[in-house]
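First the structure, in the form of structure tokens, and then the observations on it.
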Amino acid sequence: MRGINEMEYWKRDVILSVVLIIISIILIIYSYASIDPPFAQGLASSGSYVRMWLSMIIIFSFLLLSKSILVKNKDKIKEKIFSDTVIFTIIILFLYIFIMSVLGYYLSTILFLFLIVFYYSHYPFKNLFNDKKLLMISIIKILIFSFVVTFIIEFIFVNMLHTILPKAKFF
């Protein structure tokens, strides 16, 4: 008897590869819509490296697709394709992208890093609230980490790569 979450490996790989190919093609098309500075031509344009990585994803996705169809591994997968952590990460990542234009780079990045690191540090959330002191120490450490990483990324992108980071609309 087949369970609700059971699926053969090759079907999962076909679905994943098709989804990656479609998303990559959409992102490649979108990358041509970006406005490059006048001095950026050829390989120096802002979208060229994005297109290179997306092209590699497409190539590897086609390899996975062809392998999946040819081999057809009939073993069953009993775990979910999208676990709770994957769903949480996708939701937080999309929220980060959408709120960055409202909250700006600093606040949205600090919030994003804090939520991701806190979630992955304490995922099963068992015994999390038993010791308030350890919880507060963990929160402080993760906040410090989030601030430090945010400002390191800001330094690299602004001072070394001369990139303008998103500003907040309402602040």
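Simple scheme: letters A, B, ... for chains in structure tokens order, numbers from 1 for residues in each chain, numbers from 1 for ligands in the order shown.
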
Long-range neighbours of range 21-23 of chain A as a ChimeraX atom specification, 9 Å cut-off, only C-alpha atoms, 2 positions minimum in chain
/A:16-19,25-28,54,57-59,61-62

For range 148-159 of chain A, find every residue with an atom within 12 Å (counting only C-alpha atoms), except residues of its own chain fewer than 6 positions away, and show them as a PyMOL selection string.
chain A and resi 104-114+117+141-142+165-166

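Distance check against Ser68 in chain A using only C-alpha atoms: of A:Leu115, A:Arg12, A:Thr85, A:Tyr49, the minimum falls on A:Arg12.
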
Using only C-alpha atoms, pick whichever of A:Ile116, A:Ile15, A:Ile140, A:Ala168 has the shortest atom-to-atom distance to Phe88 in chain A.
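Looking at the shortest contact to Phe88 in chain A, the residue is A:Ile116.
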